[in-house]
Each structure stands twice: as structure tokens, then as C-alpha cells.
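**Student:** To be precise about what I am sending: the file is called input_3.cif and holds mmCIF, C-alpha atoms.
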data_final
#
loop_
_atom_site.label_atom_id
_atom_site.label_comp_id
_atom_site.auth_asym_id
_atom_site.auth_seq_id
_atom_site.Cartn_x
_atom_site.Cartn_y
_atom_site.Cartn_z
CA MET A 1 0.00 0.00 0.00
CA MET A 2 1.38 3.34 -1.08
CA MET A 3 1.89 5.95 1.63
CA CYS A 4 0.76 9.47 0.69
CA PRO A 5 3.02 12.22 1.85
CA THR A 6 1.83 14.24 4.68
CA VAL A 7 1.59 18.02 4.70
CA THR A 8 4.68 18.20 6.89
CA GLN A 9 6.67 16.12 4.49
CA GLY A 10 5.54 18.23 1.52
CA LYS A 11 6.62 21.46 3.22
CA SER A 12 10.09 20.17 4.03
CA GLN A 13 10.57 19.13 0.43
CA TRP A 14 9.41 22.54 -0.79
CA GLU A 15 11.79 24.27 1.58
CA MET A 16 14.64 22.11 0.40
CA GLU A 17 13.85 22.91 -3.22
CA THR A 18 13.66 26.61 -2.32
CA VAL A 19 17.07 26.46 -0.67
CA ILE A 20 18.48 24.69 -3.72
CA LEU A 21 16.92 27.28 -6.00
CA HIS A 22 18.41 30.08 -3.91
CA LYS A 23 21.84 28.45 -4.09
CA LEU A 24 21.46 28.06 -7.84
CA TYR A 25 20.42 31.70 -8.12
CA ASP A 26 23.40 32.79 -6.03
CA ASN A 27 25.73 30.70 -8.21
CA VAL A 28 24.24 32.17 -11.38
CA THR A 29 24.53 35.66 -9.93
CA SER A 30 28.18 35.01 -8.93
CA GLU A 31 28.97 33.67 -12.39
CA ARG A 32 27.23 36.67 -13.97
CA ASN A 33 29.29 39.04 -11.82
CA GLN A 34 32.49 37.19 -12.76
CA LEU A 35 31.51 37.35 -16.42
CA GLN A 36 30.75 41.08 -16.02
CA THR A 37 34.18 41.56 -14.40
CA SER A 38 35.87 39.59 -17.19
CA TYR A 39 33.91 41.60 -19.74
CA ASN A 40 35.02 44.87 -18.14
CA ASN A 41 38.63 43.67 -18.02
CA LEU A 42 38.44 42.72 -21.68
CA LYS A 43 37.01 46.15 -22.51
CA THR A 44 39.89 47.79 -20.58
CA GLU A 45 42.46 45.63 -22.37
CA GLN A 46 40.77 46.39 -25.68
CA SER A 47 41.01 50.15 -24.94
CA GLN A 48 44.66 49.79 -23.95
CA LEU A 49 45.38 47.79 -27.11
CA GLN A 50 43.58 50.44 -29.18
CA THR A 51 45.71 53.14 -27.53
CA ARG A 52 48.89 51.17 -28.18
CA TYR A 53 47.76 50.59 -31.76
CA ASN A 54 47.18 54.33 -32.25
CA ASN A 55 50.60 55.10 -30.71
CA LEU A 56 52.23 52.58 -33.03
CA LYS A 57 50.47 54.14 -36.01
CA THR A 58 51.76 57.58 -34.93
CA GLU A 59 55.32 56.24 -34.50
CA GLN A 60 55.03 54.51 -37.87
CA SER A 61 54.03 57.84 -39.50
CA GLN A 62 56.90 59.65 -37.78
CA LEU A 63 59.37 56.95 -38.86
CA GLN A 64 58.05 57.16 -42.43
CA THR A 65 58.54 60.96 -42.38
CA SER A 66 62.10 60.55 -41.03
CA TYR A 67 62.78 57.91 -43.67
CA ASN A 68 61.55 60.20 -46.45
CA ASN A 69 63.73 63.06 -45.12
CA LEU A 70 66.75 60.77 -45.02
CA LYS A 71 66.04 59.61 -48.59
CA THR A 72 65.86 63.26 -49.70
CA GLU A 73 69.16 64.09 -47.95
CA GLN A 74 70.70 60.98 -49.48
CA SER A 75 69.60 62.10 -52.95
CA GLN A 76 71.03 65.59 -52.37
CA LEU A 77 74.33 64.14 -51.16
CA GLN A 78 74.47 61.83 -54.18
CA THR A 79 73.86 64.77 -56.52
CA ARG A 80 76.62 66.83 -54.88
CA TYR A 81 78.95 63.83 -54.92
CA ASN A 82 78.32 63.33 -58.66
CA ASN A 83 79.03 67.04 -59.29
CA LEU A 84 82.30 66.79 -57.36
CA LYS A 85 83.26 63.67 -59.32
CA THR A 86 82.59 65.55 -62.58
CA GLU A 87 84.70 68.52 -61.42
CA GLN A 88 87.42 66.11 -60.33
CA GLY A 89 87.42 64.53 -63.81
CA GLN A 90 87.68 67.96 -65.44
CA LEU A 91 90.58 68.93 -63.19
CA GLN A 92 92.31 65.62 -63.97
CA THR A 93 91.89 66.30 -67.70
CA SER A 94 93.34 69.81 -67.27
CA TYR A 95 96.22 68.37 -65.25
CA ASN A 96 96.95 65.76 -67.97
CA ASN A 97 96.90 68.49 -70.63
CA LEU A 98 99.38 70.54 -68.60
CA LYS A 99 101.63 67.48 -68.22
CA THR A 100 101.51 66.98 -72.03
CA GLU A 101 102.33 70.67 -72.65
CA GLN A 102 105.12 70.45 -70.09
CA GLY A 103 106.59 67.48 -71.98
CA GLN A 104 106.38 69.38 -75.26
CA LEU A 105 108.10 72.41 -73.71
CA GLN A 106 110.82 70.17 -72.31
CA THR A 107 111.38 68.69 -75.78
CA SER A 108 111.55 72.18 -77.31
CA TYR A 109 113.95 73.24 -74.58
CA ASN A 110 116.21 70.23 -75.27
CA ASN A 111 116.16 71.02 -79.01
CA LEU A 112 117.17 74.60 -78.30
CA LYS A 113 120.01 73.38 -76.08
CA THR A 114 121.18 71.11 -78.94
CA GLU A 115 121.02 74.00 -81.43
CA GLN A 116 122.85 76.23 -78.98
CA SER A 117 125.62 73.62 -78.66
CA GLN A 118 125.87 73.37 -82.46
CA LEU A 119 126.09 77.16 -82.79
CA GLN A 120 128.81 77.22 -80.15
CA THR A 121 130.73 74.60 -82.11
CA SER A 122 130.36 76.62 -85.32
CA TYR A 123 131.46 79.74 -83.52
CA ASN A 124 134.52 77.97 -82.15
CA ASN A 125 135.36 76.69 -85.64
CA LEU A 126 135.10 80.22 -87.00
CA LYS A 127 137.41 81.46 -84.29
CA THR A 128 139.88 78.72 -85.20
CA GLU A 129 139.67 79.64 -88.88
CA GLN A 130 140.11 83.29 -87.99
CA SER A 131 143.23 82.43 -86.02
CA GLN A 132 144.54 80.35 -88.91
CA LEU A 133 143.87 83.20 -91.33
CA GLN A 134 145.73 85.56 -89.07
CA THR A 135 148.70 83.15 -89.07
CA SER A 136 148.57 82.91 -92.83
CA TYR A 137 148.43 86.66 -93.10
CA ASN A 138 151.50 87.01 -90.89
CA ASN A 139 153.31 84.40 -92.97
CA LEU A 140 152.38 86.29 -96.09
CA LYS A 141 153.75 89.50 -94.63
CA THR A 142 157.03 87.72 -93.82
CA GLU A 143 157.19 86.20 -97.32
CA GLN A 144 156.42 89.63 -98.74
CA GLY A 145 159.68 90.96 -97.28
CA GLN A 146 161.61 87.95 -98.51
CA LEU A 147 159.95 87.55 -101.93
CA GLN A 148 159.64 91.02 -103.44
CA THR A 149 159.25 89.38 -106.80
CA SER A 150 156.06 87.53 -105.75
CA TYR A 151 154.65 90.67 -104.21
CA ASN A 152 151.97 91.26 -106.88
CA ASN A 153 150.82 87.65 -106.76
CA LEU A 154 150.70 87.73 -103.02
CA LYS A 155 148.75 90.98 -103.11
CA THR A 156 146.19 89.30 -105.34
CA GLU A 157 145.99 86.31 -103.05
CA GLN A 158 145.84 88.63 -100.09
CA SER A 159 142.89 90.43 -101.65
CA GLN A 160 141.14 87.13 -102.21
CA LEU A 161 141.83 86.05 -98.66
CA GLN A 162 140.53 89.39 -97.42
CA THR A 163 137.33 88.86 -99.36
CA ARG A 164 136.91 85.41 -97.89
CA TYR A 165 137.68 86.79 -94.49
CA ASN A 166 135.04 89.49 -94.90
CA ASN A 167 132.53 86.91 -96.05
CA LEU A 168 133.31 84.80 -93.03
CA LYS A 169 132.92 87.84 -90.78
CA THR A 170 129.54 88.54 -92.38
CA GLU A 171 128.48 84.92 -91.86
CA GLN A 172 129.79 85.08 -88.30
CA SER A 173 127.70 88.22 -87.68
CA GLN A 174 124.62 86.52 -89.13
CA LEU A 175 125.21 83.46 -86.99
CA GLN A 176 125.60 85.70 -83.94
CA THR A 177 122.30 87.41 -84.78
CA ARG A 178 120.57 84.03 -85.15
CA TYR A 179 122.13 82.92 -81.90
CA ASN A 180 120.85 86.03 -80.13
CA ASN A 181 117.38 85.49 -81.62
CA LEU A 182 117.40 81.91 -80.42
CA LYS A 183 118.42 83.06 -76.95
CA THR A 184 115.51 85.54 -76.95
CA GLU A 185 113.08 82.81 -78.07
CA GLN A 186 114.51 80.50 -75.46
CA SER A 187 113.91 83.14 -72.77
CA GLN A 188 110.35 83.68 -74.01
CA LEU A 189 109.70 79.94 -74.00
CA GLN A 190 111.11 79.71 -70.48
CA THR A 191 108.78 82.53 -69.37
CA SER A 192 105.80 80.78 -70.99
CA TYR A 193 106.83 77.54 -69.36
CA ASN A 194 107.08 79.20 -65.95
CA ASN A 195 103.63 80.76 -66.45
CA LEU A 196 102.17 77.38 -67.33
CA VAL A 197 103.74 75.81 -64.25
CA GLU A 198 102.30 78.63 -62.12
CA GLU A 199 98.85 78.13 -63.66
CA ARG A 200 99.14 74.39 -63.07
CA ASP A 201 100.02 74.98 -59.41
CA GLN A 202 97.07 77.36 -59.05
CA LEU A 203 94.73 74.78 -60.59
CA GLN A 204 96.14 72.15 -58.24
CA LYS A 205 95.56 74.47 -55.27
CA ARG A 206 91.99 75.16 -56.38
CA PHE A 207 91.41 71.43 -56.81
CA GLU A 208 92.76 70.73 -53.31
CA ASP A 209 90.61 73.53 -51.84
CA MET A 210 87.52 72.15 -53.56
CA THR A 211 88.32 68.66 -52.32
CA THR A 212 88.73 69.98 -48.76
CA THR A 213 85.43 71.88 -49.01
CA ARG A 214 83.72 68.76 -50.34
CA ASP A 215 85.14 66.59 -47.53
CA ASN A 216 84.15 69.14 -44.88
CA LEU A 217 80.62 69.38 -46.25
CA GLN A 218 80.37 65.59 -46.43
CA ARG A 219 81.56 65.32 -42.82
CA LYS A 220 79.15 68.01 -41.64
CA LEU A 221 76.23 66.37 -43.43
CA GLN A 222 77.10 62.99 -41.90
CA ASP A 223 77.54 64.43 -38.39
CA CYS A 224 74.33 66.52 -38.39
CA ARG A 225 71.04 65.19 -37.13
CA GLY A 226 67.73 66.94 -37.78
CA ASN A 227 66.44 68.93 -40.73
CA TRP A 228 69.68 70.64 -41.84
CA VAL A 229 69.65 72.20 -45.30
CA ALA A 230 72.83 72.83 -47.32
CA PHE A 231 73.23 76.20 -49.10
CA SER A 232 76.47 77.70 -50.44
CA ASP A 233 79.20 76.84 -47.87
CA SER A 234 76.89 76.48 -44.84
CA LEU A 235 74.25 74.23 -43.28
CA TYR A 236 71.01 75.70 -41.95
CA GLN A 237 68.29 74.43 -39.58
CA VAL A 238 64.93 76.06 -38.84
CA SER A 239 63.53 75.37 -35.35
CA SER A 240 60.21 73.61 -34.75
CA GLU A 241 59.51 75.57 -31.55
CA GLN A 242 59.59 79.20 -30.46
CA LYS A 243 61.97 80.78 -27.93
CA SER A 244 63.46 84.15 -27.02
CA TRP A 245 66.42 85.48 -29.03
CA GLU A 246 69.02 84.50 -26.37
CA GLU A 247 67.47 81.02 -25.83
CA SER A 248 67.46 80.51 -29.58
CA ARG A 249 71.14 81.43 -29.81
CA GLN A 250 72.03 79.05 -26.96
CA ASP A 251 70.25 76.22 -28.81
CA CYS A 252 72.35 76.92 -31.91
CA LEU A 253 75.58 77.07 -29.88
CA GLN A 254 74.80 73.67 -28.34
CA LYS A 255 74.58 72.28 -31.87
CA GLY A 256 78.00 73.67 -32.84
CA SER A 257 76.46 76.50 -34.85
CA ASN A 258 75.10 80.04 -34.30
CA LEU A 259 72.17 82.16 -35.33
CA MET A 260 72.26 82.88 -39.07
CA ILE A 261 74.54 85.66 -40.40
CA ILE A 262 73.36 87.13 -43.73
CA ASN A 263 76.21 88.37 -45.95
CA SER A 264 74.64 88.37 -49.43
CA ARG A 265 71.43 88.83 -51.39
CA GLU A 266 71.50 85.09 -52.14
CA GLU A 267 71.40 84.23 -48.42
CA GLN A 268 68.62 86.80 -47.91
CA ASN A 269 66.50 85.19 -50.63
CA PHE A 270 67.30 81.76 -49.21
CA VAL A 271 66.03 82.56 -45.69
CA ASN A 272 62.85 84.23 -47.00
CA GLN A 273 61.75 80.97 -48.61
CA PHE A 274 60.96 79.39 -45.21
CA LYS A 275 57.96 81.76 -44.87
CA LYS A 276 58.33 82.10 -41.08
CA TYR A 277 59.09 84.76 -38.49
CA LEU A 278 62.69 83.79 -37.65
CA TRP A 279 65.30 85.11 -35.23
CA ILE A 280 68.64 85.83 -36.97
CA GLY A 281 72.05 86.59 -35.41
CA LEU A 282 71.71 90.41 -35.41
CA THR A 283 71.48 92.69 -32.33
CA ASP A 284 72.24 96.22 -31.08
CA SER A 285 71.91 95.25 -27.40
CA LEU A 286 75.42 96.47 -26.51
CA THR A 287 75.23 99.89 -28.23
CA GLU A 288 71.90 101.30 -29.32
CA GLY A 289 71.84 101.82 -33.09
CA THR A 290 75.07 99.86 -33.70
CA TRP A 291 73.90 96.57 -35.15
CA LYS A 292 76.35 93.68 -34.96
CA TRP A 293 76.27 90.01 -35.89
CA VAL A 294 76.77 87.25 -33.33
CA ASP A 295 80.40 86.78 -34.49
CA GLY A 296 81.18 90.37 -33.43
CA THR A 297 81.35 91.87 -36.94
CA ARG A 298 79.42 95.04 -37.72
CA MET A 299 76.48 94.92 -40.11
CA THR A 300 77.59 96.47 -43.44
CA THR A 301 74.85 95.28 -45.80
CA SER A 302 71.24 95.37 -44.57
CA TYR A 303 67.84 94.20 -45.77
CA TRP A 304 65.52 96.12 -43.43
CA ASN A 305 61.87 96.28 -44.34
CA SER A 306 60.43 99.72 -45.05
CA GLY A 307 60.49 101.90 -41.90
CA GLU A 308 62.70 99.46 -39.94
CA PRO A 309 64.44 99.46 -37.52
CA ASN A 310 62.04 101.56 -35.49
CA GLY A 311 61.91 100.01 -32.00
CA GLY A 312 64.57 102.14 -30.31
CA ARG A 313 65.83 100.74 -27.00
CA THR A 314 62.90 98.31 -26.62
CA GLU A 315 63.55 96.29 -29.77
CA ASN A 316 67.19 95.20 -29.97
CA CYS A 317 67.12 91.88 -31.83
CA GLY A 318 66.79 91.19 -35.58
CA GLN A 319 64.28 88.83 -37.14
CA ILE A 320 62.89 87.83 -40.53
CA LYS A 321 59.31 89.09 -40.67
CA ALA A 322 58.14 90.44 -44.04
CA TYR A 323 59.33 87.30 -45.82
CA ASP A 324 57.24 88.00 -48.95
CA SER A 325 59.43 91.06 -49.53
CA GLN A 326 63.12 90.93 -50.52
CA ASN A 327 63.88 93.29 -47.62
CA SER A 328 62.31 91.37 -44.75
CA TRP A 329 64.23 92.40 -41.61
CA ASN A 330 62.46 93.73 -38.52
CA ASP A 331 63.76 94.81 -35.08
CA GLU A 332 61.89 92.98 -32.29
CA THR A 333 61.81 92.76 -28.49
CA CYS A 334 64.44 90.13 -27.60
CA SER A 335 62.31 88.40 -24.96
CA ASN A 336 59.47 87.64 -27.40
CA LYS A 337 59.29 84.04 -28.56
CA HIS A 338 59.74 83.18 -32.24
CA PHE A 339 61.12 80.43 -34.41
CA TRP A 340 64.83 80.76 -35.28
CA ILE A 341 67.38 79.59 -37.86
CA CYS A 342 70.86 78.21 -37.05
CA GLU A 343 73.85 78.38 -39.42
CA LYS A 344 76.86 76.04 -39.36
CA ARG A 345 79.84 77.01 -41.53
CA VAL A 346 81.40 74.08 -43.41
CA SER A 347 84.92 75.48 -42.81
CA GLN A 348 84.48 75.33 -39.01
#
Show this structure as C-alpha cells.

**Tutor:**
Amino acid sequence: MMMCPTVTQGKSQWEMETVILHKLYDNVTSERNQLQTSYNNLKTEQSQLQTRYNNLKTEQSQLQTSYNNLKTEQSQLQTRYNNLKTEQGQLQTSYNNLKTEQGQLQTSYNNLKTEQSQLQTSYNNLKTEQSQLQTSYNNLKTEQGQLQTSYNNLKTEQSQLQTRYNNLKTEQSQLQTRYNNLKTEQSQLQTSYNNLVEERDQLQKRFEDMTTTRDNLQRKLQDCRGNWVAFSDSLYQVSSEQKSWEESRQDCLQKGSNLMIINSREEQNFVNQFKKYLWIGLTDSLTEGTWKWVDGTRMTTSYWNSGEPNGGRTENCGQIKAYDSQNSWNDETCSNKHFWICEKRVSQ
């Protein structure tokens, strides 16, 4: 016979099921909270990864920019190297031509020496013949006293000898003239040769100076870091931040350079192309109205904009301002902050 559960038994079972359901609910809630925590952690990691990804993209862009700048500098260096190689080849050709001309002059000089020796031999022979003629003449004079009978014959022979003697004297004079002319030509050739040697030495000196300048520029370009630009015999760098005039100069000095000194219209046009307000190495801080460059030299050629300088004792530092005009200089308060341009001489 089956026993039916009592009310008491049914309540205990219901309570047990309720307890189990509560435990299950608590477990589900705990798991949900853990999943929520894991989800939040994953969201945080995702955000951090996104940030790192963005930073890597930025670094990649910066590296690409640096790479492009280096490629540009490499191309410029290659172009300058090719130009120097071309100039070197031209100088070598000029040097070889001078060597050839020197050899030709040496050959001409040797020929003149040979001709001079031959003329000396001829002259000596003439002197010998002259001496022999004098001896013969003396003998004839002696025979004249002894042989009165042969006097007329001897006179005739004497006249003939005199004629020959005169002819020889004339030839001797002509040879002397030719000898003197050859000496003059020899002297002129020697002068021309000396001039060619001097020109060759000057070309050699110019070639050595150009080679030194090229090596210095190559070394400077290899040593420099940053956006340095080569122009004429100097390297230039425009700042990416703004500082006072003195702070700008100190930055240049730390880089082995100084604020830019403008000595020509070409440099003036060059600096205007940056299209920025730029500090340059010009000041009258020591003596009002006496503008000097940072190397201590006085300003002799100026490119002040119309009406400048006009700041009196309050504006004592020079800057590029009206860069769309050829004359772009302005006097400015030295403590104001602007971009600046450094200059490094290749010969330093």
C-alpha cells in the first residue's frame, strides 16, 4: 500500500527545493558578476590595445617621415657627390693636358740646347779659322819681305783672302744674330713655361681647396642630425619651436652653430623661402643703433623692411618678418618668442 506524503513532508521538500533554487540563483549571480568583471577587463584591455595601436600608427608615421627626409638628404648628397666627381674629372683632364704641354716644352727646350751647342761649335770653328787666317796673313807679310818678286801675286791672293775673311765675318755676324734670336726665343719659351707651371700649381691648389670643401661638407652632413639644409658653404636648420632670441642662440651654440649671419642677397633670398618669423644673429643690445652680428662683426649690408628698424631701445634683436618682400628684416623685443634659424659654416 502506497503511503501518501503528509503536509509536513511536503513542506520540508518545498523548503529544500527553495534552498536549492536560492543556491542556484546565487551561483548564477556570482557567475554573472564574474563574467561582467571579465567583460570589463576585456574592454579595458581592448582600450589599452587600441591606444597602443594608435601610438604605433603615430610612431610609424613619424618613422616614415624621417625615412623620407633621409632619402631626400641621401639624394642631395648623391647629386653633390656626382658634381664633385665631374669637377674632379675635369681637373684631372686639365692636369693631364698641362703634363703633355710640359713634356712638349721640355722637348723644345732640349732642341734649343742642342742648337745652342751646335752654334757654339760653329762659332769655335770660325774662331779657329780666324786664327789660322791671321797666321797665314802674318806668314804672307814675312814672305812679302823675302819675296819682293812675288809681291803682286801675293797681293792678289791677299785680296782674295781678305774677301773670304770678310765673307766669313759677315756669316759670323749673321750666326751671332741668329744665336741672339734663339736666346731671346729661349727666354720667351722659359717665361711661358714658368707661367704654365704657375697656372698648373694654381689649378692644383683650387682642386685641393675644392676637395677639402667637399670633404668638410660631407663630414658636416654625416655628423648633423635633424632637418639641416645645405646652401652655399653652410648648413642651416629652422627650429620647430619658439623661444626668445638668447634662448634661440644658446640652442644653436649647443649644436656647434650660431644664429644665421646674412652676408649676401642670395642668403637673404634663401632665408625668406621658409615663410616664417625667424630670429637671426643680429642685435644692437650692446650699443643702441650699432647693429652687430653674433660673431662680433658690424652689419655692413642690410635688408631692413620699409620703416625698420624703429623700435629704439625696446627692440634690440633682428628677425625675418616680411618674408614676402626681398627686404624682410624687422627689429623685435628680444624676450618675445619666435622660431629661429641656425647656421653652421662648413669650414668650421

**Student:** Calculate how many Å separate CA of Gln268 (chain A) from CA of Arg313 (chain A), rounding to one decimal.

**Tutor:**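 These atoms are spaced 25.3 Å apart.
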
**Student:** Give me the residues near Arg265 (chain A) as a PyMOL selection string, where near means some atom within 12 Å (using all atoms listed in the file) and where sequence neighbours in that chain fewer than 5 positions away do not count.

**Tutor:** chain A and resi 270-272+301-303+326-328

**Student:** So which one's closest to Asn310 (chain A), A:Asn41, A:Thr72, A:Thr297, A:Thr333? Using all atoms listed in the file, please.

**Tutor:** A:Thr333

**Student:** Compile the contact shell of Leu161 (chain A) as JSON, numbers by chain: residues with an atom at most 9 Å away, counting only C-alpha atoms, same-chain residues fewer than 4 positions apart removed.

**Tutor:** {"A": [133, 137, 156, 157, 165, 166]}

**Student:** When the PyMOL selection byres ((chain A and resi 290-292) around 12) is applied to the structure above, which residues does it catch, written out as a ChimeraX atom specification?

**Tutor:** /A:261-262,280-289,293-302,304,309,312-313,315-318,331

**Student:** For Leu235 (chain A), which residue out of A:Lys344, A:Asn180, A:Ser150, A:Phe274 is the nearest one, using all atoms listed in the file?

**Tutor:**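 Looking only at the distances to Leu235 (chain A), the closest residue turns out to be A:Lys344.
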
**Student:** Given only C-alpha atoms as the basis, pick out the residue of A:Lys23, A:Ser264, A:Ser257, A:Tyr123 nearest to Gln174 (chain A).

**Tutor:**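 Closest candidate: A:Tyr123.
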
**Student:** Give me, please, the distance in Å between CA of Gln134 (chain A) and CA of Tyr179 (chain A), quoted to one decimal.

**Tutor:**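 CA of Tyr179 (chain A) lies at a distance of 24.8 Å from CA of Gln134 (chain A).
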
**Student:** Evaluate the PyMOL selection byres ((chain A and resi 239-242) around 6) against this structure - the residues, as a compact mmCIF listing (two decimals) with C-alpha atoms, in the frame of the given file, please.

**Tutor:**
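Output contents, as saved in expr24.txt:
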# COMPACT_ATOMS: atom_id res chain seq x y z
CA VAL A 238 64.93 76.06 -38.84
CA LYS A 243 61.97 80.78 -27.93
CA LYS A 337 59.29 84.04 -28.56
CA HIS A 338 59.74 83.18 -32.24
CA PHE A 339 61.12 80.43 -34.41
CA TRP A 340 64.83 80.76 -35.28

**Student:** Name all residues at most 7 Å from Leu259 (chain A) (count only C-alpha atoms; drop same-chain ones fewer than 3 positions away) and give them as a list of chain:residue names.

**Tutor:**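 The residues that qualify are A:Arg249, A:Cys252, A:Ile280, A:Gly281, A:Ile341, A:Cys342, A:Glu343.
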
**Student:** Report the distance between CA of Gln92 (chain A) and CA of Asp201 (chain A) in Å, rounded to one decimal place.

**Tutor:**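 Separation between CA of Gln92 (chain A) and CA of Asp201 (chain A): 13.0 Å.
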
**Student:** Could you tell me, as a PyMOL selection string, exactly which residues end up selected when the PyMOL selection byres ((chain A and resi 109-112) around 9) is applied to this structure?

**Tutor:** chain A and resi 104-108+113-117+182-183+186+189-190

**Student:** Counting only C-alpha atoms, give me one row per residue of region 26-119 of chain A with an atom at most 9 Å from an atom of region 194-200 of chain A, showing the shortest contact pair and its distance in Å to one decimal, sorted by chain then residue number, as a Markdown table.

**Tutor:**
| residue | atom | partner | partner_atom | distance |
| --- | --- | --- | --- | --- |
| A:Ser94 | CA | A:Arg200 | CA | 8.5 |
| A:Tyr95 | CA | A:Arg200 | CA | 7.0 |
| A:Leu98 | CA | A:Arg200 | CA | 6.7 |
| A:Lys99 | CA | A:Arg200 | CA | 9.0 |
| A:Glu101 | CA | A:Leu196 | CA | 8.6 |
| A:Gln102 | CA | A:Leu196 | CA | 8.0 |

**Student:** For C-alpha atoms, I'd like the residues from the last selection saved as a JSON list (two decimals), in the frame of the given file.

**Tutor:**
[["chain", "number", "residue", "atom", "x", "y", "z"],
["A", 94, "SER", "CA", 93.34, 69.81, -67.27],
["A", 95, "TYR", "CA", 96.22, 68.37, -65.25],
["A", 98, "LEU", "CA", 99.38, 70.54, -68.60],
["A", 99, "LYS", "CA", 101.63, 67.48, -68.22],
["A", 101, "GLU", "CA", 102.33, 70.67, -72.65],
["A", 102, "GLN", "CA", 105.12, 70.45, -70.09]]

**Student:** Excluding same-chain residues fewer than 2 positions from Asp233 (chain A), what lies within 7 Å of it counting all atoms listed in the file, as number ranges by chain?

**Tutor:** A: 231, 345-346

**Student:** Provide region 311-318 of chain A rebuilt to all heavy atoms, formatted as a CSV table (one decimal), keeping the file's coordinate frame.

**Tutor:**
chain,number,residue,atom,x,y,z
A,311,GLY,N,62.3,100.3,-33.4
A,311,GLY,CA,61.9,100.0,-32.0
A,311,GLY,C,62.7,100.7,-30.9
A,311,GLY,O,62.4,100.6,-29.7
A,312,GLY,N,63.8,101.4,-31.3
A,312,GLY,CA,64.6,102.1,-30.3
A,312,GLY,C,65.2,101.2,-29.3
A,312,GLY,O,65.7,100.1,-29.7
A,313,ARG,N,65.2,101.5,-28.0
A,313,ARG,CA,65.8,100.7,-27.0
A,313,ARG,C,65.0,99.5,-26.6
A,313,ARG,O,65.5,98.7,-25.8
A,313,ARG,CB,66.1,101.6,-25.8
A,313,ARG,CG,67.1,102.7,-26.1
A,313,ARG,CD,67.4,103.5,-24.8
A,313,ARG,NE,68.4,104.6,-25.1
A,313,ARG,CZ,69.7,104.4,-25.1
A,313,ARG,NH1,70.2,103.2,-24.9
A,313,ARG,NH2,70.5,105.4,-25.4
A,314,THR,N,63.8,99.4,-27.0
A,314,THR,CA,62.9,98.3,-26.6
A,314,THR,C,63.0,97.1,-27.6
A,314,THR,O,62.6,96.0,-27.2
A,314,THR,CB,61.4,98.8,-26.5
A,314,THR,OG1,61.0,99.2,-27.8
A,314,THR,CG2,61.3,99.9,-25.5
A,315,GLU,N,63.5,97.4,-28.8
A,315,GLU,CA,63.6,96.3,-29.8
A,315,GLU,C,65.0,96.2,-30.3
A,315,GLU,O,65.4,97.0,-31.1
A,315,GLU,CB,62.6,96.6,-30.9
A,315,GLU,CG,61.1,96.6,-30.5
A,315,GLU,CD,60.2,96.9,-31.6
A,315,GLU,OE1,60.6,97.2,-32.7
A,315,GLU,OE2,58.9,96.7,-31.4
A,316,ASN,N,65.7,95.2,-29.7
A,316,ASN,CA,67.2,95.2,-30.0
A,316,ASN,C,67.7,93.9,-30.7
A,316,ASN,O,68.9,93.7,-30.7
A,316,ASN,CB,67.9,95.3,-28.6
A,316,ASN,CG,67.7,96.7,-28.0
A,316,ASN,OD1,67.7,97.7,-28.6
A,316,ASN,ND2,67.5,96.7,-26.7
A,317,CYS,N,66.7,93.1,-31.2
A,317,CYS,CA,67.1,91.9,-31.8
A,317,CYS,C,66.5,91.8,-33.2
A,317,CYS,O,65.3,92.2,-33.4
A,317,CYS,CB,66.7,90.7,-31.0
A,317,CYS,SG,67.7,90.5,-29.5
A,318,GLY,N,67.2,91.3,-34.2
A,318,GLY,CA,66.8,91.2,-35.6
A,318,GLY,C,66.1,89.9,-35.9
A,318,GLY,O,66.4,88.8,-35.4
